[in-house]
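Accompanying notes for the structure given below.
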Amino acid sequence: MSRLFGTDGVRGLANGLLTAEVAMQLAQAAAVVLGHDRNSNGTRPRAVVARDPRASGEFIAAAVEAGLSSSGIDVYDAGVLPTPAAAYLVADLDADFGVMISASHNPAPDNGIKFFARGGQKLPDDVEDAIEAQMSKEAVRPVGADVGRIQRFSDAEDRYIVHLLGTIPHNLEGIRVVLDCAHGAASGCSPQVFKDAGADVIVIGAEPDGHNINDGVGSTHLGPLKEAVLKYGANLGIAHDGDADRCLAVDHEGNVVDGDQIMAILAVALKKSGKLKDDVLVATVMSNLGLKIALRQAGITIRETAVGDRYVLEEMRDGGFNLGGEQSGHVIFADYATTGDGVLTGLQLAAQIALTGKPLKELATVMTKLPQVLINVKGVDRTRAGSNEVLAQAVAAAEAALGDTGRVLLRPSGTEPVVRVMVEAADEETAHSIAEHLAQVVRAELALELVSE
């Protein structure tokens with residue numbers, strides 16, 4: 001039987017993989033592993049529950065809260081809030097754990113459940129495995145006065161907004177910003193916090209109806225944001241995804257500023273103010289080589305991790321570093337958050353425009369993005385990607401040809417028969433040429449063998 005937990009909690013089609021029964025069982029198991037087993041002060045364990053505005057989140061939240069309370073957990077229902085808000089509130093309330101119900105940037109029919117441990121920390125694999133194992137055991141079923149209670153966490157959004165406002169180095173007076181909330185979890189709090197920070201705010205994609213989350217808007221569909229920034233003459237645009245744990249930006253001319261560029265701007269700013277821990281930024285192997293070159297020139301070291309914000313977080317915790325993230329816009333400020341926070345990132349970026357008086361387009365020139373070509377080679381045996389000698393020689397030859405002007409990353413997918421070929425070079429033509437050549441070698445060397453009847 002395959003593992004229920006994926007790279008970011010349990011995610012799938014609501015009422016398909018993720019039924020009310022599964023949600024309740026997960027909650028009852030988490031009540032034991034994250035609640036009773038870890039609560040040693042003699043009080044009833046407490047959990048924060050939040051969700052994004054998907055229609056299915058209503059019944060899944062009800063099932064989760066029923067599972068928790070019936071297992072002796074006091075539940076604080078925070079309603080619709082971003083994933084990073086849920087993580088922050090777990091720490092702020094000193095709760096035993098938290099539950100976020102969201103499928104992030106996935107379409108509306110999907111949903112997901114992720115857990116945060118005490119302090120708002122993401123769970124390591126062994127703890128997720130313990131929850132999954134507990135699901136097959138008898139649930140804890142207290143009676144009488146020992147059952148948990150469910151109460152509305154009435155000031156949850158206000159606590160989160162106050163926290164965010166306390167992080168920015170400069171108010172946003174004079175800054176006009178367009179916010180695209182992806183009809184998602186940030187639709188209420190993101191516009192409010194930017195207004196409270198002093199910005200002139202135009203909002204799009206902030207009318208969730210339960211079914212339109214991520215539908216043609218948000219960080220995966222930047223067209224509407226670009227149009228709105230140009231139409232309203234804004235200084236910048238900020239795009240969130242469904243649960244607002246990521247942020248992409250658009251400058252005043254409609255040019256996209258991705259996660260790498262955002263990290264470069266903020267890393268340099270933190271270094272100048274003496275606040276970048278050990279002058280280190282943590283990023284994944286997918287970050288553009290231009291980021292590494294730019295930061296090296298600024299006296300900043302990059303620590304590289306595997307793809308996934310969980311690996312970035314692990315490296316940050318292990319090394320005590322305070323800034324990291326991904327090209328996709330997951331940016332983690334460890335001084336203020338335990339996970340990627342798109343609203344926080346957008347605030348910090350807008351504050352740099354206000355603080356320096358420079359437009360975002362100019363700030364983004366701190367790094368020059370090298371042309372990057374990514375080819376997903378499908379229908380191949382990904383398990384042999386790391387052991388094929390011909391392929392290894394082809395990669396070595398490509399790396400030698402590029403020298404210090406580019407790089408090659410060849411990576412098997414973790415979930416499907418795909419090998420990803422990524423090439424960066426000084427010019428687009430070279431990047432395409434080398435990537436296409438390597439893709440051909442992958443197809444020839446790793447072709448799936450046909451099994452005869």
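Quick note on naming: the chains in the structure tokens go A, B, ... in the order shown, residues restart at 1 in each chain, and ligands are numbered from 1 in order of appearance.
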Near Ile238 in chain A, counting only C-alpha atoms, which residues have an atom at most 9 Å away, once you skip same-chain residues fewer than 6 positions from it, shown as a PDB file with all heavy atoms, in the first residue's frame?
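Result saved to part.pdb:
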```pdb
ATOM      1  N   VAL A 177      -0.043  49.158  -5.036  1.00  0.00           N
ATOM      2  CA  VAL A 177       0.175  47.743  -5.273  1.00  0.00           C
ATOM      3  C   VAL A 177      -1.116  47.072  -5.715  1.00  0.00           C
ATOM      4  O   VAL A 177      -2.197  47.384  -5.197  1.00  0.00           O
ATOM      5  CB  VAL A 177       0.737  47.050  -4.002  1.00  0.00           C
ATOM      6  CG1 VAL A 177      -0.201  47.221  -2.820  1.00  0.00           C
ATOM      7  CG2 VAL A 177       1.016  45.574  -4.251  1.00  0.00           C
ATOM      8  N   VAL A 178      -0.999  46.181  -6.696  1.00  0.00           N
ATOM      9  CA  VAL A 178      -2.119  45.333  -7.090  1.00  0.00           C
ATOM     10  C   VAL A 178      -1.900  43.967  -6.458  1.00  0.00           C
ATOM     11  O   VAL A 178      -0.826  43.373  -6.591  1.00  0.00           O
ATOM     12  CB  VAL A 178      -2.219  45.179  -8.627  1.00  0.00           C
ATOM     13  CG1 VAL A 178      -3.370  44.240  -8.982  1.00  0.00           C
ATOM     14  CG2 VAL A 178      -2.416  46.526  -9.296  1.00  0.00           C
ATOM     15  N   LEU A 179      -2.897  43.475  -5.757  1.00  0.00           N
ATOM     16  CA  LEU A 179      -2.832  42.166  -5.112  1.00  0.00           C
ATOM     17  C   LEU A 179      -3.751  41.193  -5.826  1.00  0.00           C
ATOM     18  O   LEU A 179      -4.944  41.469  -5.986  1.00  0.00           O
ATOM     19  CB  LEU A 179      -3.253  42.261  -3.644  1.00  0.00           C
ATOM     20  CG  LEU A 179      -2.430  43.170  -2.730  1.00  0.00           C
ATOM     21  CD1 LEU A 179      -3.056  43.209  -1.351  1.00  0.00           C
ATOM     22  CD2 LEU A 179      -0.991  42.688  -2.653  1.00  0.00           C
ATOM     23  N   ASP A 180      -3.195  40.065  -6.265  1.00  0.00           N
ATOM     24  CA  ASP A 180      -3.997  38.984  -6.831  1.00  0.00           C
ATOM     25  C   ASP A 180      -4.027  37.855  -5.811  1.00  0.00           C
ATOM     26  O   ASP A 180      -3.020  37.187  -5.572  1.00  0.00           O
ATOM     27  CB  ASP A 180      -3.387  38.498  -8.145  1.00  0.00           C
ATOM     28  CG  ASP A 180      -4.237  37.429  -8.823  1.00  0.00           C
ATOM     29  OD1 ASP A 180      -5.140  36.871  -8.160  1.00  0.00           O
ATOM     30  OD2 ASP A 180      -4.001  37.140 -10.016  1.00  0.00           O
ATOM     31  N   CYS A 181      -5.181  37.659  -5.209  1.00  0.00           N
ATOM     32  CA  CYS A 181      -5.306  36.703  -4.102  1.00  0.00           C
ATOM     33  C   CYS A 181      -5.755  35.319  -4.540  1.00  0.00           C
ATOM     34  O   CYS A 181      -6.045  34.466  -3.689  1.00  0.00           O
ATOM     35  CB  CYS A 181      -6.260  37.263  -3.047  1.00  0.00           C
ATOM     36  SG  CYS A 181      -5.700  38.828  -2.335  1.00  0.00           S
ATOM     37  N   GLY A 218      -3.963  34.327  -9.819  1.00  0.00           N
ATOM     38  CA  GLY A 218      -2.971  33.895  -8.841  1.00  0.00           C
ATOM     39  C   GLY A 218      -1.607  33.653  -9.446  1.00  0.00           C
ATOM     40  O   GLY A 218      -1.340  33.973 -10.609  1.00  0.00           O
ATOM     41  N   SER A 219      -0.733  33.064  -8.643  1.00  0.00           N
ATOM     42  CA  SER A 219       0.673  32.929  -9.018  1.00  0.00           C
ATOM     43  C   SER A 219       0.905  31.985 -10.187  1.00  0.00           C
ATOM     44  O   SER A 219       1.987  31.999 -10.789  1.00  0.00           O
ATOM     45  CB  SER A 219       1.487  32.452  -7.810  1.00  0.00           C
ATOM     46  OG  SER A 219       1.041  31.183  -7.370  1.00  0.00           O
ATOM     47  N   LEU A 225      -2.812  39.881 -13.500  1.00  0.00           N
ATOM     48  CA  LEU A 225      -2.036  40.776 -12.641  1.00  0.00           C
ATOM     49  C   LEU A 225      -1.239  41.764 -13.479  1.00  0.00           C
ATOM     50  O   LEU A 225      -1.197  42.966 -13.176  1.00  0.00           O
ATOM     51  CB  LEU A 225      -1.105  39.964 -11.733  1.00  0.00           C
ATOM     52  CG  LEU A 225      -0.245  40.781 -10.763  1.00  0.00           C
ATOM     53  CD1 LEU A 225      -1.115  41.577  -9.794  1.00  0.00           C
ATOM     54  CD2 LEU A 225       0.712  39.874  -9.993  1.00  0.00           C
ATOM     55  N   CYS A 247       4.705  33.753  -3.219  1.00  0.00           N
ATOM     56  CA  CYS A 247       4.542  35.106  -3.757  1.00  0.00           C
ATOM     57  C   CYS A 247       5.388  35.243  -5.018  1.00  0.00           C
ATOM     58  O   CYS A 247       6.583  34.948  -5.002  1.00  0.00           O
ATOM     59  CB  CYS A 247       4.985  36.134  -2.712  1.00  0.00           C
ATOM     60  SG  CYS A 247       5.291  37.804  -3.358  1.00  0.00           S
ATOM     61  N   LEU A 248       4.760  35.661  -6.101  1.00  0.00           N
ATOM     62  CA  LEU A 248       5.479  36.122  -7.281  1.00  0.00           C
ATOM     63  C   LEU A 248       5.094  37.574  -7.504  1.00  0.00           C
ATOM     64  O   LEU A 248       4.058  38.036  -7.007  1.00  0.00           O
ATOM     65  CB  LEU A 248       5.121  35.280  -8.508  1.00  0.00           C
ATOM     66  CG  LEU A 248       5.595  33.821  -8.487  1.00  0.00           C
ATOM     67  CD1 LEU A 248       5.144  33.099  -9.752  1.00  0.00           C
ATOM     68  CD2 LEU A 248       7.107  33.726  -8.337  1.00  0.00           C
ATOM     69  N   ALA A 249       5.930  38.312  -8.230  1.00  0.00           N
ATOM     70  CA  ALA A 249       5.693  39.747  -8.370  1.00  0.00           C
ATOM     71  C   ALA A 249       5.766  40.172  -9.829  1.00  0.00           C
ATOM     72  O   ALA A 249       6.294  39.461 -10.689  1.00  0.00           O
ATOM     73  CB  ALA A 249       6.701  40.531  -7.535  1.00  0.00           C
ATOM     74  N   VAL A 250       5.229  41.357 -10.086  1.00  0.00           N
ATOM     75  CA  VAL A 250       5.273  41.983 -11.403  1.00  0.00           C
ATOM     76  C   VAL A 250       5.715  43.423 -11.196  1.00  0.00           C
ATOM     77  O   VAL A 250       5.195  44.110 -10.298  1.00  0.00           O
ATOM     78  CB  VAL A 250       3.880  41.925 -12.074  1.00  0.00           C
ATOM     79  CG1 VAL A 250       3.854  42.771 -13.331  1.00  0.00           C
ATOM     80  CG2 VAL A 250       3.492  40.490 -12.389  1.00  0.00           C
ATOM     81  N   GLY A 342       3.550  34.036   1.620  1.00  0.00           N
ATOM     82  CA  GLY A 342       3.444  34.930   0.482  1.00  0.00           C
ATOM     83  C   GLY A 342       3.071  36.349   0.844  1.00  0.00           C
ATOM     84  O   GLY A 342       3.503  37.301   0.190  1.00  0.00           O
ATOM     85  N   VAL A 343       2.260  36.536   1.875  1.00  0.00           N
ATOM     86  CA  VAL A 343       1.884  37.886   2.295  1.00  0.00           C
ATOM     87  C   VAL A 343       3.088  38.585   2.915  1.00  0.00           C
ATOM     88  O   VAL A 343       3.390  39.744   2.603  1.00  0.00           O
ATOM     89  CB  VAL A 343       0.704  37.850   3.284  1.00  0.00           C
ATOM     90  CG1 VAL A 343       0.264  39.270   3.622  1.00  0.00           C
ATOM     91  CG2 VAL A 343      -0.464  37.068   2.708  1.00  0.00           C
ATOM     92  N   GLY A 346       5.555  39.501   0.127  1.00  0.00           N
ATOM     93  CA  GLY A 346       5.096  40.672  -0.615  1.00  0.00           C
ATOM     94  C   GLY A 346       5.299  41.963   0.159  1.00  0.00           C
ATOM     95  O   GLY A 346       5.707  42.990  -0.400  1.00  0.00           O
TER      96      GLY A 346
END
```
| request: Using DSSP on the backbone, list every residue of range 61-285 of chain A that comes out as strand (DSSP E), and give them as a ChimeraX atom specification. | output: /A:74-80,97-101,110-117,121-122,150-152,176-180,200-204,236-240,247-251,256-257,280-284
Only C-alpha atoms, please: the residues just picked out, written as a PDB file, in the first residue's frame.
```pdb
ATOM      1  CA  ASP A  74      -9.641  21.329  22.301  1.00  0.00           C
ATOM      2  CA  VAL A  75     -10.054  22.889  18.851  1.00  0.00           C
ATOM      3  CA  TYR A  76      -9.562  26.539  17.917  1.00  0.00           C
ATOM      4  CA  ASP A  77     -11.345  27.049  14.589  1.00  0.00           C
ATOM      5  CA  ALA A  78      -9.515  29.892  12.794  1.00  0.00           C
ATOM      6  CA  GLY A  79     -11.734  29.759   9.691  1.00  0.00           C
ATOM      7  CA  VAL A  80     -10.352  30.773   6.288  1.00  0.00           C
ATOM      8  CA  PHE A  97      -0.304  21.328  16.932  1.00  0.00           C
ATOM      9  CA  GLY A  98      -2.195  22.718  13.973  1.00  0.00           C
ATOM     10  CA  VAL A  99      -4.116  21.497  10.923  1.00  0.00           C
ATOM     11  CA  MET A 100      -4.362  23.296   7.584  1.00  0.00           C
ATOM     12  CA  ILE A 101      -6.942  22.166   5.043  1.00  0.00           C
ATOM     13  CA  ASP A 110      -8.737  18.885  -4.914  1.00  0.00           C
ATOM     14  CA  ASN A 111      -8.051  19.397  -1.246  1.00  0.00           C
ATOM     15  CA  GLY A 112      -5.449  18.467   1.314  1.00  0.00           C
ATOM     16  CA  ILE A 113      -4.604  18.168   4.998  1.00  0.00           C
ATOM     17  CA  LYS A 114      -1.267  19.145   6.459  1.00  0.00           C
ATOM     18  CA  PHE A 115      -0.170  19.226  10.064  1.00  0.00           C
ATOM     19  CA  PHE A 116       2.091  21.529  12.046  1.00  0.00           C
ATOM     20  CA  ALA A 117       3.806  20.461  15.248  1.00  0.00           C
ATOM     21  CA  GLN A 121       6.920  23.474  12.480  1.00  0.00           C
ATOM     22  CA  LYS A 122       6.362  21.145   9.524  1.00  0.00           C
ATOM     23  CA  ILE A 150     -14.591  23.409  19.616  1.00  0.00           C
ATOM     24  CA  GLN A 151     -14.500  27.187  19.742  1.00  0.00           C
ATOM     25  CA  ARG A 152     -14.180  29.944  17.154  1.00  0.00           C
ATOM     26  CA  ARG A 176       0.445  51.515  -5.174  1.00  0.00           C
ATOM     27  CA  VAL A 177       0.175  47.743  -5.273  1.00  0.00           C
ATOM     28  CA  VAL A 178      -2.119  45.333  -7.090  1.00  0.00           C
ATOM     29  CA  LEU A 179      -2.832  42.166  -5.112  1.00  0.00           C
ATOM     30  CA  ASP A 180      -3.997  38.984  -6.831  1.00  0.00           C
ATOM     31  CA  ASP A 200      -2.720  52.254  -2.018  1.00  0.00           C
ATOM     32  CA  VAL A 201      -4.241  48.842  -2.765  1.00  0.00           C
ATOM     33  CA  ILE A 202      -6.043  47.513  -5.837  1.00  0.00           C
ATOM     34  CA  VAL A 203      -7.380  43.990  -5.403  1.00  0.00           C
ATOM     35  CA  ILE A 204      -8.173  41.321  -7.985  1.00  0.00           C
ATOM     36  CA  LEU A 236       4.166  46.532  -8.383  1.00  0.00           C
ATOM     37  CA  GLY A 237       1.836  43.570  -8.379  1.00  0.00           C
ATOM     38  CA  ILE A 238       1.846  40.667  -5.928  1.00  0.00           C
ATOM     39  CA  ALA A 239       0.386  37.253  -6.786  1.00  0.00           C
ATOM     40  CA  HIS A 240      -0.467  34.624  -4.180  1.00  0.00           C
ATOM     41  CA  CYS A 247       4.542  35.106  -3.757  1.00  0.00           C
ATOM     42  CA  LEU A 248       5.479  36.122  -7.281  1.00  0.00           C
ATOM     43  CA  ALA A 249       5.693  39.747  -8.370  1.00  0.00           C
ATOM     44  CA  VAL A 250       5.273  41.983 -11.403  1.00  0.00           C
ATOM     45  CA  ASP A 251       7.127  45.288 -11.811  1.00  0.00           C
ATOM     46  CA  VAL A 256       7.607  39.037 -13.920  1.00  0.00           C
ATOM     47  CA  VAL A 257       9.897  39.010 -10.875  1.00  0.00           C
ATOM     48  CA  VAL A 280      23.909  32.700   3.684  1.00  0.00           C
ATOM     49  CA  LEU A 281      20.837  32.142   1.504  1.00  0.00           C
ATOM     50  CA  VAL A 282      19.348  28.643   1.266  1.00  0.00           C
ATOM     51  CA  ALA A 283      17.911  27.740  -2.153  1.00  0.00           C
ATOM     52  CA  THR A 284      17.201  24.601  -4.184  1.00  0.00           C
TER      53      THR A 284
END
```
| field | Contact residues around Ala394 in chain A with only C-alpha atoms at 10 Å, ignoring same-chain residues under 2 positions, as a ChimeraX atom specification | value | /A:389-392,396-400,434,437-438,441-442
| task | Name the closest residue to Gly290 in chain A among the candidates A:Thr365, A:Asn15, A:Ser136, A:Ser387; distances are taken between atoms, counting only C-alpha atoms. | result |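 So, comparing all the options, the nearest one is A:Thr365.
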Just list as a PDB file with C-alpha atoms, in the first residue's frame whatever in range 317-424 of chain A DSSP marks as alpha helix (DSSP H).
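Ended up saving to states00.pdb:
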```pdb
ATOM      1  CA  ARG A 317      17.005  24.854  10.814  1.00  0.00           C
ATOM      2  CA  ASP A 318      20.179  22.767  10.799  1.00  0.00           C
ATOM      3  CA  GLY A 319      22.392  25.760  10.017  1.00  0.00           C
ATOM      4  CA  GLY A 342       3.444  34.930   0.482  1.00  0.00           C
ATOM      5  CA  VAL A 343       1.884  37.886   2.295  1.00  0.00           C
ATOM      6  CA  LEU A 344       5.006  38.427   4.390  1.00  0.00           C
ATOM      7  CA  THR A 345       7.208  38.169   1.291  1.00  0.00           C
ATOM      8  CA  GLY A 346       5.096  40.672  -0.615  1.00  0.00           C
ATOM      9  CA  LEU A 347       5.236  43.118   2.288  1.00  0.00           C
ATOM     10  CA  GLN A 348       9.014  42.828   2.555  1.00  0.00           C
ATOM     11  CA  LEU A 349       9.425  43.366  -1.179  1.00  0.00           C
ATOM     12  CA  ALA A 350       7.138  46.414  -1.238  1.00  0.00           C
ATOM     13  CA  ALA A 351       8.959  47.812   1.805  1.00  0.00           C
ATOM     14  CA  GLN A 352      12.253  47.695  -0.111  1.00  0.00           C
ATOM     15  CA  ILE A 353      10.707  49.820  -2.862  1.00  0.00           C
ATOM     16  CA  ALA A 354       9.497  52.330  -0.275  1.00  0.00           C
ATOM     17  CA  LEU A 355      12.768  52.255   1.685  1.00  0.00           C
ATOM     18  CA  THR A 356      15.131  52.665  -1.279  1.00  0.00           C
ATOM     19  CA  LEU A 360      11.115  47.045  -8.547  1.00  0.00           C
ATOM     20  CA  LYS A 361      12.545  46.751 -12.060  1.00  0.00           C
ATOM     21  CA  GLU A 362      15.765  48.410 -10.870  1.00  0.00           C
ATOM     22  CA  LEU A 363      15.936  46.376  -7.667  1.00  0.00           C
ATOM     23  CA  GLU A 389      27.317   5.561 -18.310  1.00  0.00           C
ATOM     24  CA  VAL A 390      26.512   7.000 -21.740  1.00  0.00           C
ATOM     25  CA  LEU A 391      24.201   9.561 -20.161  1.00  0.00           C
ATOM     26  CA  ALA A 392      26.797  10.444 -17.524  1.00  0.00           C
ATOM     27  CA  GLN A 393      29.383  11.044 -20.254  1.00  0.00           C
ATOM     28  CA  ALA A 394      26.961  13.242 -22.197  1.00  0.00           C
ATOM     29  CA  VAL A 395      26.254  15.341 -19.109  1.00  0.00           C
ATOM     30  CA  ALA A 396      29.983  15.659 -18.361  1.00  0.00           C
ATOM     31  CA  ALA A 397      30.676  16.789 -21.925  1.00  0.00           C
ATOM     32  CA  ALA A 398      27.896  19.384 -21.723  1.00  0.00           C
ATOM     33  CA  GLU A 399      29.208  20.694 -18.408  1.00  0.00           C
ATOM     34  CA  ALA A 400      32.725  20.950 -19.835  1.00  0.00           C
ATOM     35  CA  ALA A 401      31.434  22.886 -22.846  1.00  0.00           C
ATOM     36  CA  LEU A 402      29.527  25.332 -20.621  1.00  0.00           C
TER      37      LEU A 402
END
```
Output as JSON lines one row per residue of range 316-374 of chain A within 10 Å of range 407-430 of chain A: the closest atom pair and its distance in Å to one decimal place, counting only C-alpha atoms, sorted by chain and residue number ascending.
```
{"residue": "A:Lys369", "atom": "CA", "partner": "A:Ala426", "partner_atom": "CA", "distance": 9.3}
{"residue": "A:Leu370", "atom": "CA", "partner": "A:Ala426", "partner_atom": "CA", "distance": 5.9}
{"residue": "A:Pro371", "atom": "CA", "partner": "A:Glu428", "partner_atom": "CA", "distance": 5.2}
{"residue": "A:Gln372", "atom": "CA", "partner": "A:Glu424", "partner_atom": "CA", "distance": 4.5}
{"residue": "A:Val373", "atom": "CA", "partner": "A:Val423", "partner_atom": "CA", "distance": 5.4}
{"residue": "A:Leu374", "atom": "CA", "partner": "A:Met422", "partner_atom": "CA", "distance": 4.4}
```
Include C-alpha atoms and write out the residues we just selected as a compact mmCIF listing (two decimals), in the first residue's frame.
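So the final result, stored in result-v1.txt, reads:
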```
# COMPACT_ATOMS: atom_id res chain seq x y z
CA LYS A 369 18.83 35.53 -15.02
CA LEU A 370 20.64 33.14 -17.30
CA PRO A 371 18.47 31.57 -20.01
CA GLN A 372 17.05 28.37 -18.53
CA VAL A 373 15.55 25.55 -20.59
CA LEU A 374 13.68 22.68 -18.93
```
Please report as a tab-separated table every residue of range 89-193 of chain A lying within 6 Å of range 19-29 of chain A, along with the nearest atom pair and their distance in Å (one decimal), using only C-alpha atoms.
```
residue	atom	partner	partner_atom	distance
A:Ile131	CA	A:Ala29	CA	5.4
A:Gln134	CA	A:Ala29	CA	5.2
A:Met135	CA	A:Ala29	CA	5.2
```
Would you export the selected residues with N, CA, C and O atoms as a CSV table (one decimal), in the first residue's frame, please?
```
chain,number,residue,atom,x,y,z
A,131,ILE,N,1.8,9.0,12.4
A,131,ILE,CA,0.3,9.3,12.2
A,131,ILE,C,-0.4,8.3,11.4
A,131,ILE,O,-1.5,7.8,11.7
A,134,GLN,N,-0.8,5.1,13.2
A,134,GLN,CA,-1.8,5.2,14.2
A,134,GLN,C,-3.2,5.1,13.7
A,134,GLN,O,-4.2,4.7,14.4
A,135,MET,N,-3.4,5.4,12.4
A,135,MET,CA,-4.8,5.3,11.8
A,135,MET,C,-5.3,3.9,11.8
A,135,MET,O,-6.6,3.7,11.8
```
